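A.B. asks: Sharing a structure here in structure tokens format.
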Amino acid sequence: MLRIEHLTKTYGDRKAVDDLTLHIEPGQIYGFIGHNGAGKTTTLKSAVGILGFDAGEIYIDGISIKQDPIECKRRIAYIPDNPAVYSYMTGIKYLNFVADVYGVPQEKRRERIERYAAEFEITDDLAQPVSSYSHGMKQKLVIISALLHEPKLIIMDEPFVGLDPKAAHIIKLKMREICDAGGAIFFSTHVLEVAEKLCDMVAIIKDGRLVRCGTMAEVKGDTSLESVFLELED
């Protein structure tokens, strides 16, 4: 579903990502772990076509992000760590705007917006301007917008930040539903306890280089993910 091959991204003299190779298969929730500045966000932004990169290749559903970025973006959704939403729009106008971009038919978008807004408890807020939303409400809006076109792959950067416990629980359930239906999730997080319970696969990155990856059982062994992470960070 997502193949990152020998990805290298440099800022000046510093390699933010150094020869990174990862494969995310259909059905997998794949966690991406690392300290601040390790290269997680750079990797995710490269995978969704926001950042160019110096070497390597990224394929989404077999399609090169370099050669056909538009087709790649049709098949994915991206949830950034900071929910960048047009603040002058109302919530419903923003969701309809995203649905227009992805060509979601009127009847399907109406049903999905109503369903997801009810689940995330923001139905009554959709008529309000996004400028009045809290961080958590913006995060819910971005999550709903990512689900509207039923993407094969969702890439998330710290998706649980700002969410209340109920919303965090709902997005975890959605992540598993998407993967059970043949999709895939690739996400970064600092919440190691959540990653340990939720992920099928996990990769740990340090100073731009991959230092450990595999199934959760392979990576953590008889200890905890937190213990493995702290040991690798020393």
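Ligands are numbered from 1 in the order shown, residues from 1 within each chain, and chains are lettered A, B, ... in the order they appear in the structure tokens.
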Please provide the set of residues having any atom within 9 Å of Thr215 of chain A, restricted to only C-alpha atoms, with same-chain residues fewer than 6 positions apart removed, written as a PyMOL selection string.
C.D. replies: chain A and resi 30+199-203
A.B. asks: Kindly indicate which residue among A:Gly56, A:Pro165, A:Pro151, A:Gly91 lies nearest to Asp18 of chain A, using only C-alpha atoms for the distances.
C.D. replies: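 Checking each candidate against Asp18 of chain A, we get A:Gly56 as the closest.
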A.B. asks: For the structure I just gave you, how does DSSP split segment 48-203 of chain A - specifically, which residues are helix (DSSP H, G or I)? Reply as a PyMOL selection string.
C.D. replies: chain A and resi 69-74+91-102+106-119+123-125+130-132+135-147+165-180+192-198
A.B. asks: Please provide the set of residues having any atom within 8 Å of Asp54 of chain A, restricted to only C-alpha atoms, with same-chain residues fewer than 2 positions apart removed, written as a ChimeraX atom specification.
C.D. replies: /A:7-10,52,56
A.B. asks: I need the residue nearest Asp100 of chain A from this list: A:Ala55, A:Lys197, A:Ser87, A:Leu148. Use only C-alpha atoms for the distance.
C.D. replies: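 Nearest to Asp100 of chain A: A:Leu148.
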A.B. asks: For atom CA of Met175 of chain A and atom CA of Ile143 of chain A, determine how far apart the two atoms are, in Å to one decimal place.
C.D. replies: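 Atom CA of Met175 of chain A sits 11.0 Å away from atom CA of Ile143 of chain A.
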A.B. asks: As number ranges by chain, please: all residues of segment 24-207 of chain A that backbone DSSP puts in strand (DSSP E or B).
C.D. replies: A: 24, 29-33, 55-60, 63-64, 76-79, 90, 129, 153-157, 184-188, 201-206
A.B. asks: Which polymer residues have any atom within 10 Å of an atom of Gln128 of chain A, counting only C-alpha atoms, with same-chain residues fewer than 5 positions away left out, as a PDB file with all heavy atoms, in the first residue's frame?
C.D. replies:
ATOM      1  N   TYR A  88     -12.111  30.816   7.988  1.00  0.00           N
ATOM      2  CA  TYR A  88     -13.240  31.661   7.597  1.00  0.00           C
ATOM      3  C   TYR A  88     -14.447  30.833   7.151  1.00  0.00           C
ATOM      4  O   TYR A  88     -15.544  31.372   6.990  1.00  0.00           O
ATOM      5  CB  TYR A  88     -12.826  32.610   6.472  1.00  0.00           C
ATOM      6  CG  TYR A  88     -12.385  31.933   5.202  1.00  0.00           C
ATOM      7  CD1 TYR A  88     -13.302  31.563   4.228  1.00  0.00           C
ATOM      8  CD2 TYR A  88     -11.032  31.649   4.979  1.00  0.00           C
ATOM      9  CE1 TYR A  88     -12.887  30.924   3.068  1.00  0.00           C
ATOM     10  CE2 TYR A  88     -10.622  31.021   3.822  1.00  0.00           C
ATOM     11  CZ  TYR A  88     -11.546  30.661   2.872  1.00  0.00           C
ATOM     12  OH  TYR A  88     -11.141  30.023   1.725  1.00  0.00           O
ATOM     13  N   MET A  89     -14.256  29.546   6.929  1.00  0.00           N
ATOM     14  CA  MET A  89     -15.363  28.672   6.537  1.00  0.00           C
ATOM     15  C   MET A  89     -16.101  28.170   7.768  1.00  0.00           C
ATOM     16  O   MET A  89     -15.542  28.104   8.864  1.00  0.00           O
ATOM     17  CB  MET A  89     -14.840  27.457   5.760  1.00  0.00           C
ATOM     18  CG  MET A  89     -14.346  27.736   4.373  1.00  0.00           C
ATOM     19  SD  MET A  89     -13.872  26.166   3.560  1.00  0.00           S
ATOM     20  CE  MET A  89     -13.584  26.743   1.895  1.00  0.00           C
ATOM     21  N   THR A  90     -17.345  27.782   7.586  1.00  0.00           N
ATOM     22  CA  THR A  90     -18.024  27.010   8.618  1.00  0.00           C
ATOM     23  C   THR A  90     -17.559  25.559   8.493  1.00  0.00           C
ATOM     24  O   THR A  90     -16.977  25.161   7.475  1.00  0.00           O
ATOM     25  CB  THR A  90     -19.549  27.063   8.454  1.00  0.00           C
ATOM     26  OG1 THR A  90     -19.901  26.471   7.187  1.00  0.00           O
ATOM     27  CG2 THR A  90     -20.063  28.490   8.511  1.00  0.00           C
ATOM     28  N   GLY A  91     -17.831  24.784   9.519  1.00  0.00           N
ATOM     29  CA  GLY A  91     -17.435  23.379   9.476  1.00  0.00           C
ATOM     30  C   GLY A  91     -18.041  22.635   8.304  1.00  0.00           C
ATOM     31  O   GLY A  91     -17.363  21.880   7.600  1.00  0.00           O
ATOM     32  N   ILE A  92     -19.324  22.851   8.045  1.00  0.00           N
ATOM     33  CA  ILE A  92     -19.996  22.124   6.965  1.00  0.00           C
ATOM     34  C   ILE A  92     -19.475  22.560   5.606  1.00  0.00           C
ATOM     35  O   ILE A  92     -19.329  21.746   4.682  1.00  0.00           O
ATOM     36  CB  ILE A  92     -21.533  22.281   7.064  1.00  0.00           C
ATOM     37  CG1 ILE A  92     -22.247  21.332   6.089  1.00  0.00           C
ATOM     38  CG2 ILE A  92     -21.961  23.724   6.838  1.00  0.00           C
ATOM     39  CD1 ILE A  92     -22.021  19.866   6.392  1.00  0.00           C
ATOM     40  N   LYS A  93     -19.156  23.846   5.454  1.00  0.00           N
ATOM     41  CA  LYS A  93     -18.603  24.311   4.180  1.00  0.00           C
ATOM     42  C   LYS A  93     -17.220  23.697   3.938  1.00  0.00           C
ATOM     43  O   LYS A  93     -16.882  23.340   2.808  1.00  0.00           O
ATOM     44  CB  LYS A  93     -18.522  25.836   4.152  1.00  0.00           C
ATOM     45  CG  LYS A  93     -19.871  26.501   3.928  1.00  0.00           C
ATOM     46  CD  LYS A  93     -19.728  28.011   3.760  1.00  0.00           C
ATOM     47  CE  LYS A  93     -21.078  28.658   3.454  1.00  0.00           C
ATOM     48  NZ  LYS A  93     -20.953  30.130   3.288  1.00  0.00           N
ATOM     49  N   TYR A 133     -13.682  27.265  16.688  1.00  0.00           N
ATOM     50  CA  TYR A 133     -13.437  25.905  17.165  1.00  0.00           C
ATOM     51  C   TYR A 133     -12.214  25.847  18.082  1.00  0.00           C
ATOM     52  O   TYR A 133     -11.233  26.561  17.883  1.00  0.00           O
ATOM     53  CB  TYR A 133     -13.183  24.956  15.998  1.00  0.00           C
ATOM     54  CG  TYR A 133     -14.395  24.550  15.188  1.00  0.00           C
ATOM     55  CD1 TYR A 133     -15.575  25.280  15.213  1.00  0.00           C
ATOM     56  CD2 TYR A 133     -14.350  23.424  14.367  1.00  0.00           C
ATOM     57  CE1 TYR A 133     -16.665  24.906  14.467  1.00  0.00           C
ATOM     58  CE2 TYR A 133     -15.432  23.037  13.608  1.00  0.00           C
ATOM     59  CZ  TYR A 133     -16.602  23.782  13.663  1.00  0.00           C
ATOM     60  OH  TYR A 133     -17.684  23.405  12.910  1.00  0.00           O
TER      61      TYR A 133
END
A.B. asks: Considering only C-alpha atoms, can you say which of A:Glu107, A:Glu119, A:Asp19, A:Glu226 comes closest to Ile171 of chain A?
C.D. replies: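 Of A:Glu107, A:Glu119, A:Asp19, A:Glu226, the one nearest Ile171 of chain A, counting only C-alpha atoms, is A:Glu119.
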A.B. asks: Atom CA of Arg212 of chain A and atom CA of Ile50 of chain A, how far apart in Å?
C.D. replies: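 Result for atom CA of Ile50 of chain A versus atom CA of Arg212 of chain A: 25.7 Å, one decimal.
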A.B. asks: Which of these residues is nearest to Ala146 of chain A, using only C-alpha atoms: A:Ile113, A:Leu173, A:Thr42, A:Ile63?
C.D. replies: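 Under the stated criterion, the closest residue is A:Ile113.
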A.B. asks: Given only C-alpha atoms as the basis, pick out the residue of A:His23, A:Lys206, A:His6, A:Lys166 nearest to Glu57 of chain A.
C.D. replies: A:His6
A.B. asks: Got a sec: who's within 8 Å of Leu153 of chain A, counting only C-alpha atoms, leaving out chain neighbours fewer than 2 positions off, as a list in words?
C.D. replies: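 After dropping sequence-adjacent residues, the list is Met1, Leu2, Arg75, Ile76, Ala77, Pro151, Ile155, Gly183, Ala184, Ile185 and Phe186 of chain A.
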A.B. asks: Expressed in Å to a single decimal, how great is the separation between atom CA of Thr21 of chain A and atom CA of Val142 of chain A?
C.D. replies: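 One can read the atom CA of Thr21 of chain A to atom CA of Val142 of chain A distance as 28.2 Å.
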